[in-house]
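Trainee: Would you mind keeping the following structure in view while I ask a few things?
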Amino acid sequence: MTRLVIFDLDGTLLNTIEDLGTACNHALQMCGFPLRRMEEYNNLVGKGIYNLFKGALPPEARTEEMTMEMKKYFIPFYDKHKCDKTRPYDGIYGMLDSLASAGMKFAVASNKYQDGTEKLIRRYFGEYRFEKILGQRDGMPIKPDPQIVGEAMAAAGITERTDVVYTGDSDVDMQTGINAGVRTIGVTWGFRSREELLGYSPWAIADSPRQLASLILNG
């Protein structure tokens with residue numbers, strides 16, 4: 001029986017792609033590089049901001065120095081504009097209400113930098129209790145390393161992996177669940193394709209937040 005649901009953030013709970021892409025394009029512009037088309041960001045996000053910058057930069061500019069230069073422009077711009085277009089996906093609040101009513105515990109495990117993760121959760125989901133809100137932190141491994149799942153389980157007082165479901169929209173999320181030894185549910189309303197998710201043989205696929213709640217409650 002599921003007791004803890006660990007959610008990815010970007011592409012799972014929130015549609016953040018326009019604000020992320022706009023902030024990254026701002027950093028590219030400030031550094032003197034061509035902008036990326038917004039649709040390109042669907043495949044660039046999800047692996048932490050440093051990998052986002054490296055993917056967005058031209059190949060010849062993907063140096064550590066330029067990555068840190070991008071961060072200098074990205075973070076303040078994104079912090080100011082992160083809620084311009086970002087919204088929860090339709091049905092997310094109803095899904096969370098259903099799970100909360102059934103006594104499920106929640107956690108977030110994201111590759112978004114920690115401060116941004118915390119601020120977005122407070123802004124859009126402040127009424128819900130999350131046992132742990134985890135993002136990318138310097139000196140800590142990012143997904144698909146399973147450590148973040150272990151941290152969430154410890155915070156929730158959960159020791160049995162069979163009590164945990166991890167859900168997300170990308171290959172990184174599916175591999176995180178596999179590495180952690182917990183059930184994974186891929187969601188198809190995010191930034192990646194159903195085919196990408198199926199390639200990792202998840203425990204289940206959800207096409208809507210309502211279906212996600214049903215899978216968790218009946219699984």
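A note on labels: chains of the structure tokens are A, B, ... as shown, every chain counts residues from 1, and ligands are counted from 1 in their shown order.
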Please identify every residue of segment 44-143 of chain A that has at least one atom no farther than 12 Å from an atom of segment 161-177 of chain A, counting only C-alpha atoms, and for each give the shortest atom pair and the distance in Å to one decimal, arranged by chain then increasing number, as a Markdown table.

Mentor:
| residue | atom | partner | partner_atom | distance |
| --- | --- | --- | --- | --- |
| A:Leu44 | CA | A:Ser170 | CA | 11.1 |
| A:Val45 | CA | A:Ser170 | CA | 9.6 |
| A:Gly46 | CA | A:Val172 | CA | 7.2 |
| A:Lys47 | CA | A:Val172 | CA | 7.3 |
| A:Gly48 | CA | A:Val172 | CA | 10.6 |
| A:Met104 | CA | A:Val164 | CA | 10.0 |
| A:Lys105 | CA | A:Val164 | CA | 9.5 |
| A:Phe106 | CA | A:Val165 | CA | 10.0 |
| A:Ala107 | CA | A:Tyr166 | CA | 9.4 |
| A:Val108 | CA | A:Tyr166 | CA | 9.4 |
| A:Ala109 | CA | A:Tyr166 | CA | 8.9 |
| A:Ser110 | CA | A:Asp173 | CA | 9.1 |
| A:Asn111 | CA | A:Val172 | CA | 9.6 |
| A:Pro141 | CA | A:Thr176 | CA | 11.6 |
| A:Ile142 | CA | A:Thr176 | CA | 9.5 |
| A:Lys143 | CA | A:Thr176 | CA | 5.9 |

Trainee: Would you save the residues of that selection, restricted to all heavy atoms, as a compact mmCIF listing (two decimals), in the first residue's frame?

Mentor:
# COMPACT_ATOMS: atom_id res chain seq x y z
N LEU A 44 15.80 20.15 -22.88
CA LEU A 44 16.97 20.69 -22.19
C LEU A 44 16.77 20.73 -20.67
O LEU A 44 17.74 20.66 -19.92
CB LEU A 44 17.28 22.10 -22.70
CG LEU A 44 17.81 22.19 -24.14
CD1 LEU A 44 17.94 23.65 -24.57
CD2 LEU A 44 19.17 21.49 -24.25
N VAL A 45 15.54 20.87 -20.23
CA VAL A 45 15.29 20.97 -18.79
C VAL A 45 15.22 19.58 -18.16
O VAL A 45 15.10 18.57 -18.84
CB VAL A 45 13.99 21.75 -18.50
CG1 VAL A 45 14.04 23.14 -19.07
CG2 VAL A 45 12.77 20.99 -19.03
N GLY A 46 15.31 19.57 -16.82
CA GLY A 46 15.11 18.33 -16.07
C GLY A 46 16.37 17.70 -15.52
O GLY A 46 16.30 16.75 -14.74
N LYS A 47 17.54 18.25 -15.89
CA LYS A 47 18.80 17.64 -15.44
C LYS A 47 19.62 18.62 -14.61
O LYS A 47 20.84 18.46 -14.49
CB LYS A 47 19.61 17.17 -16.66
CG LYS A 47 18.87 16.13 -17.49
CD LYS A 47 19.63 15.78 -18.77
CE LYS A 47 18.82 14.80 -19.61
NZ LYS A 47 19.48 14.49 -20.91
N GLY A 48 18.96 19.62 -14.03
CA GLY A 48 19.65 20.61 -13.23
C GLY A 48 20.06 21.81 -14.07
O GLY A 48 20.20 21.71 -15.29
N MET A 104 -2.23 10.15 2.40
CA MET A 104 -0.92 10.01 1.76
C MET A 104 0.03 11.11 2.24
O MET A 104 -0.37 12.25 2.46
CB MET A 104 -1.04 10.12 0.24
CG MET A 104 -1.88 9.04 -0.41
SD MET A 104 -1.03 7.46 -0.40
CE MET A 104 -2.36 6.41 -1.04
N LYS A 105 1.29 10.76 2.37
CA LYS A 105 2.32 11.75 2.63
C LYS A 105 2.93 12.19 1.31
O LYS A 105 3.03 11.40 0.37
CB LYS A 105 3.41 11.16 3.54
CG LYS A 105 2.92 10.83 4.95
CD LYS A 105 4.07 10.31 5.81
CE LYS A 105 3.60 10.09 7.24
NZ LYS A 105 4.72 9.64 8.12
N PHE A 106 3.35 13.48 1.25
CA PHE A 106 3.90 14.05 0.03
C PHE A 106 5.35 14.47 0.24
O PHE A 106 5.74 14.92 1.33
CB PHE A 106 3.13 15.30 -0.40
CG PHE A 106 1.67 15.10 -0.69
CD1 PHE A 106 0.79 16.16 -0.59
CD2 PHE A 106 1.18 13.87 -1.10
CE1 PHE A 106 -0.55 16.01 -0.88
CE2 PHE A 106 -0.16 13.70 -1.39
CZ PHE A 106 -1.03 14.77 -1.27
N ALA A 107 6.14 14.39 -0.83
CA ALA A 107 7.47 14.99 -0.87
C ALA A 107 7.73 15.44 -2.30
O ALA A 107 7.08 14.97 -3.24
CB ALA A 107 8.54 14.01 -0.41
N VAL A 108 8.68 16.33 -2.47
CA VAL A 108 9.10 16.78 -3.79
C VAL A 108 10.59 16.47 -3.96
O VAL A 108 11.39 16.72 -3.06
CB VAL A 108 8.86 18.30 -3.98
CG1 VAL A 108 9.58 18.82 -5.21
CG2 VAL A 108 7.37 18.58 -4.09
N ALA A 109 10.92 15.92 -5.11
CA ALA A 109 12.32 15.65 -5.46
C ALA A 109 12.57 16.21 -6.85
O ALA A 109 12.14 15.63 -7.85
CB ALA A 109 12.60 14.15 -5.42
N SER A 110 13.26 17.34 -6.90
CA SER A 110 13.43 18.07 -8.16
C SER A 110 14.91 18.30 -8.45
O SER A 110 15.74 18.32 -7.53
CB SER A 110 12.72 19.43 -8.07
OG SER A 110 12.94 20.21 -9.22
N ASN A 111 15.23 18.48 -9.73
CA ASN A 111 16.57 18.93 -10.12
C ASN A 111 16.63 20.44 -10.28
O ASN A 111 17.66 20.98 -10.68
CB ASN A 111 17.03 18.24 -11.41
CG ASN A 111 17.66 16.88 -11.13
OD1 ASN A 111 18.02 16.55 -10.01
ND2 ASN A 111 17.81 16.08 -12.18
N PRO A 141 24.34 14.98 -4.97
CA PRO A 141 24.06 14.44 -6.31
C PRO A 141 22.66 14.80 -6.78
O PRO A 141 21.75 14.97 -5.97
CB PRO A 141 24.21 12.93 -6.11
CG PRO A 141 23.93 12.71 -4.65
CD PRO A 141 24.45 13.92 -3.95
N ILE A 142 22.51 14.93 -8.09
CA ILE A 142 21.19 15.21 -8.66
C ILE A 142 20.59 13.92 -9.21
O ILE A 142 21.28 12.91 -9.37
CB ILE A 142 21.27 16.29 -9.75
CG1 ILE A 142 22.14 15.83 -10.94
CG2 ILE A 142 21.78 17.61 -9.18
CD1 ILE A 142 22.12 16.79 -12.12
N LYS A 143 19.30 13.94 -9.47
CA LYS A 143 18.65 12.82 -10.12
C LYS A 143 19.32 12.55 -11.47
O LYS A 143 19.72 13.51 -12.13
CB LYS A 143 17.15 13.12 -10.34
CG LYS A 143 16.38 13.39 -9.09
CD LYS A 143 14.89 13.60 -9.37
CE LYS A 143 14.58 14.77 -10.27
NZ LYS A 143 13.14 15.03 -10.44

Trainee: Kindly assemble as CSV a list of the segment 51-144 of chain A residues that lie within 12 Å of segment 182-204 of chain A, each paired with its nearest atom pair and their distance in Å to one decimal, using only C-alpha atoms, sorted first by chain and then by ascending residue number.

Mentor:
residue,atom,partner,partner_atom,distance
A:Pro88,CA,A:Gly190,CA,10.9
A:Tyr89,CA,A:Trp189,CA,8.0
A:Asp90,CA,A:Trp189,CA,9.7
A:Gly91,CA,A:Trp189,CA,11.0
A:Ile92,CA,A:Trp189,CA,11.1

Trainee: Quick one: residues within 12 Å of Tyr128 of chain A, only C-alpha atoms counted, chain neighbours fewer than 4 positions away excluded, as an mmCIF file with N, CA, C and O atoms, in the first residue's frame?

Mentor:
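The file below, result_19.cif, is the result:
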data_model
loop_
_atom_site.group_PDB
_atom_site.id
_atom_site.type_symbol
_atom_site.label_atom_id
_atom_site.label_comp_id
_atom_site.auth_asym_id
_atom_site.auth_seq_id
_atom_site.Cartn_x
_atom_site.Cartn_y
_atom_site.Cartn_z
ATOM 1 N N TYR A 93 -4.575 20.180 -8.365
ATOM 2 C CA TYR A 93 -5.106 20.421 -7.019
ATOM 3 C C TYR A 93 -6.100 19.332 -6.611
ATOM 4 O O TYR A 93 -6.081 18.857 -5.468
ATOM 5 N N GLY A 94 -6.947 18.925 -7.536
ATOM 6 C CA GLY A 94 -7.890 17.853 -7.219
ATOM 7 C C GLY A 94 -7.187 16.552 -6.903
ATOM 8 O O GLY A 94 -7.601 15.803 -6.000
ATOM 9 N N MET A 95 -6.117 16.256 -7.636
ATOM 10 C CA MET A 95 -5.331 15.057 -7.385
ATOM 11 C C MET A 95 -4.717 15.097 -5.993
ATOM 12 O O MET A 95 -4.791 14.123 -5.229
ATOM 13 N N LEU A 96 -4.108 16.228 -5.647
ATOM 14 C CA LEU A 96 -3.497 16.353 -4.324
ATOM 15 C C LEU A 96 -4.545 16.254 -3.216
ATOM 16 O O LEU A 96 -4.304 15.633 -2.173
ATOM 17 N N ASP A 97 -5.705 16.853 -3.442
ATOM 18 C CA ASP A 97 -6.782 16.771 -2.449
ATOM 19 C C ASP A 97 -7.205 15.321 -2.221
ATOM 20 O O ASP A 97 -7.402 14.889 -1.068
ATOM 21 N N SER A 98 -7.345 14.568 -3.300
ATOM 22 C CA SER A 98 -7.757 13.166 -3.188
ATOM 23 C C SER A 98 -6.736 12.354 -2.404
ATOM 24 O O SER A 98 -7.091 11.547 -1.527
ATOM 25 N N LEU A 99 -5.476 12.565 -2.711
ATOM 26 C CA LEU A 99 -4.421 11.813 -2.027
ATOM 27 C C LEU A 99 -4.293 12.229 -0.570
ATOM 28 O O LEU A 99 -4.116 11.385 0.314
ATOM 29 N N ALA A 100 -4.399 13.537 -0.311
ATOM 30 C CA ALA A 100 -4.306 14.012 1.064
ATOM 31 C C ALA A 100 -5.454 13.482 1.912
ATOM 32 O O ALA A 100 -5.267 13.098 3.073
ATOM 33 N N SER A 101 -6.638 13.426 1.316
ATOM 34 C CA SER A 101 -7.816 12.914 2.040
ATOM 35 C C SER A 101 -7.651 11.444 2.412
ATOM 36 O O SER A 101 -8.215 10.985 3.396
ATOM 37 N N GLY A 103 -4.838 10.187 3.310
ATOM 38 C CA GLY A 103 -3.761 10.079 4.289
ATOM 39 C C GLY A 103 -2.374 9.899 3.703
ATOM 40 O O GLY A 103 -1.429 9.558 4.422
ATOM 41 N N MET A 104 -2.228 10.149 2.396
ATOM 42 C CA MET A 104 -0.916 10.011 1.762
ATOM 43 C C MET A 104 0.033 11.109 2.243
ATOM 44 O O MET A 104 -0.370 12.247 2.455
ATOM 45 N N LYS A 105 1.287 10.763 2.370
ATOM 46 C CA LYS A 105 2.324 11.747 2.633
ATOM 47 C C LYS A 105 2.928 12.190 1.306
ATOM 48 O O LYS A 105 3.030 11.401 0.373
ATOM 49 N N PHE A 106 3.349 13.476 1.253
ATOM 50 C CA PHE A 106 3.905 14.046 0.027
ATOM 51 C C PHE A 106 5.352 14.473 0.237
ATOM 52 O O PHE A 106 5.737 14.917 1.326
ATOM 53 N N ALA A 107 6.138 14.388 -0.831
ATOM 54 C CA ALA A 107 7.470 14.989 -0.871
ATOM 55 C C ALA A 107 7.733 15.436 -2.299
ATOM 56 O O ALA A 107 7.078 14.973 -3.237
ATOM 57 N N VAL A 108 8.683 16.331 -2.470
ATOM 58 C CA VAL A 108 9.105 16.782 -3.794
ATOM 59 C C VAL A 108 10.585 16.475 -3.959
ATOM 60 O O VAL A 108 11.392 16.724 -3.055
ATOM 61 N N ILE A 121 6.957 25.809 -4.542
ATOM 62 C CA ILE A 121 6.044 24.992 -3.734
ATOM 63 C C ILE A 121 5.256 25.876 -2.776
ATOM 64 O O ILE A 121 4.030 25.722 -2.621
ATOM 65 N N ARG A 122 5.918 26.807 -2.132
ATOM 66 C CA ARG A 122 5.202 27.710 -1.219
ATOM 67 C C ARG A 122 4.177 28.544 -1.967
ATOM 68 O O ARG A 122 3.072 28.787 -1.470
ATOM 69 N N ARG A 123 4.544 28.998 -3.168
ATOM 70 C CA ARG A 123 3.656 29.879 -3.934
ATOM 71 C C ARG A 123 2.403 29.148 -4.401
ATOM 72 O O ARG A 123 1.291 29.685 -4.317
ATOM 73 N N TYR A 124 2.563 27.930 -4.910
ATOM 74 C CA TYR A 124 1.430 27.251 -5.534
ATOM 75 C C TYR A 124 0.814 26.157 -4.675
ATOM 76 O O TYR A 124 -0.345 25.782 -4.892
ATOM 77 N N LYS A 132 9.113 16.731 2.844
ATOM 78 C CA LYS A 132 10.429 17.233 2.459
ATOM 79 C C LYS A 132 10.331 17.838 1.072
ATOM 80 O O LYS A 132 9.677 17.274 0.186
ATOM 81 N N ILE A 133 10.977 18.979 0.877
ATOM 82 C CA ILE A 133 11.056 19.636 -0.429
ATOM 83 C C ILE A 133 12.524 19.671 -0.808
ATOM 84 O O ILE A 133 13.322 20.385 -0.191
#

Trainee: I need the residues of segment 2-199 of chain A that end up classed as strand (DSSP E) by DSSP on the backbone, written out as a VMD selection string.

Mentor: chain A and resid 4 to 7 14 to 15 87 to 88 105 to 113 130 to 136 164 to 168 183 to 187

Trainee: Mind dumping the selected residues with N, CA, C and O atoms as a short mmCIF file (atom, residue, chain, number, x, y, z; two decimals), in the first residue's frame?

Mentor:
data_model
loop_
_atom_site.label_atom_id
_atom_site.label_comp_id
_atom_site.auth_asym_id
_atom_site.auth_seq_id
_atom_site.Cartn_x
_atom_site.Cartn_y
_atom_site.Cartn_z
N LEU A 4 3.70 7.06 0.78
CA LEU A 4 4.43 8.27 0.42
C LEU A 4 4.47 8.43 -1.09
O LEU A 4 4.86 7.50 -1.81
N VAL A 5 4.10 9.61 -1.57
CA VAL A 5 4.18 9.95 -2.98
C VAL A 5 5.24 11.03 -3.14
O VAL A 5 5.13 12.11 -2.56
N ILE A 6 6.28 10.72 -3.92
CA ILE A 6 7.34 11.69 -4.20
C ILE A 6 7.12 12.24 -5.61
O ILE A 6 7.10 11.48 -6.58
N PHE A 7 6.95 13.55 -5.70
CA PHE A 7 6.66 14.20 -6.97
C PHE A 7 7.89 14.90 -7.53
O PHE A 7 8.60 15.61 -6.80
N LEU A 14 3.95 21.38 -12.01
CA LEU A 14 3.87 22.72 -12.59
C LEU A 14 4.35 22.73 -14.04
O LEU A 14 5.35 22.08 -14.37
N ASN A 15 3.66 23.50 -14.87
CA ASN A 15 4.14 23.78 -16.22
C ASN A 15 5.02 25.03 -16.15
O ASN A 15 4.52 26.15 -16.13
N ARG A 87 2.14 27.68 -14.12
CA ARG A 87 0.87 27.34 -13.49
C ARG A 87 0.83 25.84 -13.20
O ARG A 87 1.44 25.06 -13.93
N PRO A 88 0.07 25.43 -12.20
CA PRO A 88 -0.17 23.99 -12.02
C PRO A 88 -0.94 23.45 -13.22
O PRO A 88 -1.78 24.16 -13.80
N LYS A 105 1.29 10.76 2.37
CA LYS A 105 2.32 11.75 2.63
C LYS A 105 2.93 12.19 1.31
O LYS A 105 3.03 11.40 0.37
N PHE A 106 3.35 13.48 1.25
CA PHE A 106 3.90 14.05 0.03
C PHE A 106 5.35 14.47 0.24
O PHE A 106 5.74 14.92 1.33
N ALA A 107 6.14 14.39 -0.83
CA ALA A 107 7.47 14.99 -0.87
C ALA A 107 7.73 15.44 -2.30
O ALA A 107 7.08 14.97 -3.24
N VAL A 108 8.68 16.33 -2.47
CA VAL A 108 9.10 16.78 -3.79
C VAL A 108 10.59 16.47 -3.96
O VAL A 108 11.39 16.72 -3.06
N ALA A 109 10.92 15.92 -5.11
CA ALA A 109 12.32 15.65 -5.46
C ALA A 109 12.57 16.21 -6.85
O ALA A 109 12.14 15.63 -7.85
N SER A 110 13.26 17.34 -6.90
CA SER A 110 13.43 18.07 -8.16
C SER A 110 14.91 18.30 -8.45
O SER A 110 15.74 18.32 -7.53
N ASN A 111 15.23 18.48 -9.73
CA ASN A 111 16.57 18.93 -10.12
C ASN A 111 16.63 20.44 -10.28
O ASN A 111 17.66 20.98 -10.68
N LYS A 112 15.53 21.15 -10.00
CA LYS A 112 15.57 22.62 -9.95
C LYS A 112 16.37 23.02 -8.71
O LYS A 112 16.32 22.35 -7.68
N TYR A 113 17.08 24.13 -8.80
CA TYR A 113 17.87 24.56 -7.65
C TYR A 113 16.97 24.74 -6.42
O TYR A 113 15.80 25.08 -6.53
N PHE A 130 4.14 19.04 2.84
CA PHE A 130 5.16 18.21 2.20
C PHE A 130 6.19 17.82 3.25
O PHE A 130 6.73 18.69 3.94
N GLU A 131 6.43 16.52 3.37
CA GLU A 131 7.37 16.04 4.37
C GLU A 131 8.78 16.57 4.10
O GLU A 131 9.54 16.83 5.04
N LYS A 132 9.11 16.73 2.84
CA LYS A 132 10.43 17.23 2.46
C LYS A 132 10.33 17.84 1.07
O LYS A 132 9.68 17.27 0.19
N ILE A 133 10.98 18.98 0.88
CA ILE A 133 11.06 19.64 -0.43
C ILE A 133 12.52 19.67 -0.81
O ILE A 133 13.32 20.38 -0.19
N LEU A 134 12.88 18.89 -1.81
CA LEU A 134 14.28 18.72 -2.17
C LEU A 134 14.53 19.15 -3.60
O LEU A 134 13.83 18.74 -4.51
N GLY A 135 15.54 20.00 -3.78
CA GLY A 135 15.97 20.43 -5.10
C GLY A 135 17.45 20.18 -5.28
O GLY A 135 18.08 19.48 -4.49
N GLN A 136 18.01 20.79 -6.31
CA GLN A 136 19.45 20.66 -6.56
C GLN A 136 20.20 21.51 -5.55
O GLN A 136 19.95 22.70 -5.39
N VAL A 164 6.32 3.36 -1.31
CA VAL A 164 6.66 4.62 -1.97
C VAL A 164 6.35 4.55 -3.46
O VAL A 164 6.61 3.55 -4.13
N VAL A 165 5.79 5.65 -3.97
CA VAL A 165 5.64 5.85 -5.42
C VAL A 165 6.38 7.12 -5.79
O VAL A 165 6.25 8.15 -5.11
N TYR A 166 7.17 7.05 -6.83
CA TYR A 166 7.85 8.23 -7.37
C TYR A 166 7.25 8.53 -8.74
O TYR A 166 7.16 7.64 -9.59
N THR A 167 6.86 9.79 -8.97
CA THR A 167 6.20 10.12 -10.23
C THR A 167 6.83 11.34 -10.88
O THR A 167 7.18 12.32 -10.22
N GLY A 168 7.01 11.25 -12.21
CA GLY A 168 7.61 12.34 -12.96
C GLY A 168 7.36 12.19 -14.44
O GLY A 168 6.74 11.22 -14.89
N ARG A 183 8.43 2.09 -6.90
CA ARG A 183 7.54 2.11 -8.06
C ARG A 183 7.55 3.50 -8.70
O ARG A 183 7.59 4.51 -8.01
N THR A 184 7.54 3.51 -10.03
CA THR A 184 7.51 4.77 -10.76
C THR A 184 6.22 4.87 -11.56
O THR A 184 5.73 3.87 -12.10
N ILE A 185 5.70 6.09 -11.63
CA ILE A 185 4.57 6.40 -12.52
C ILE A 185 5.00 7.55 -13.42
O ILE A 185 5.34 8.63 -12.94
N GLY A 186 5.00 7.30 -14.71
CA GLY A 186 5.29 8.35 -15.68
C GLY A 186 4.04 9.13 -16.00
O GLY A 186 2.96 8.55 -16.14
N VAL A 187 4.17 10.45 -16.09
CA VAL A 187 3.01 11.29 -16.44
C VAL A 187 3.24 11.89 -17.82
O VAL A 187 4.33 12.34 -18.15
#

Trainee: Between A:Gly21, A:Pro146, A:Gly126, A:Gly55, which residue has the minimum interatomic distance to Phe77 of chain A, considering only C-alpha atoms?

Mentor: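 Answer, going by the shortest atom-to-atom distance: A:Gly21.
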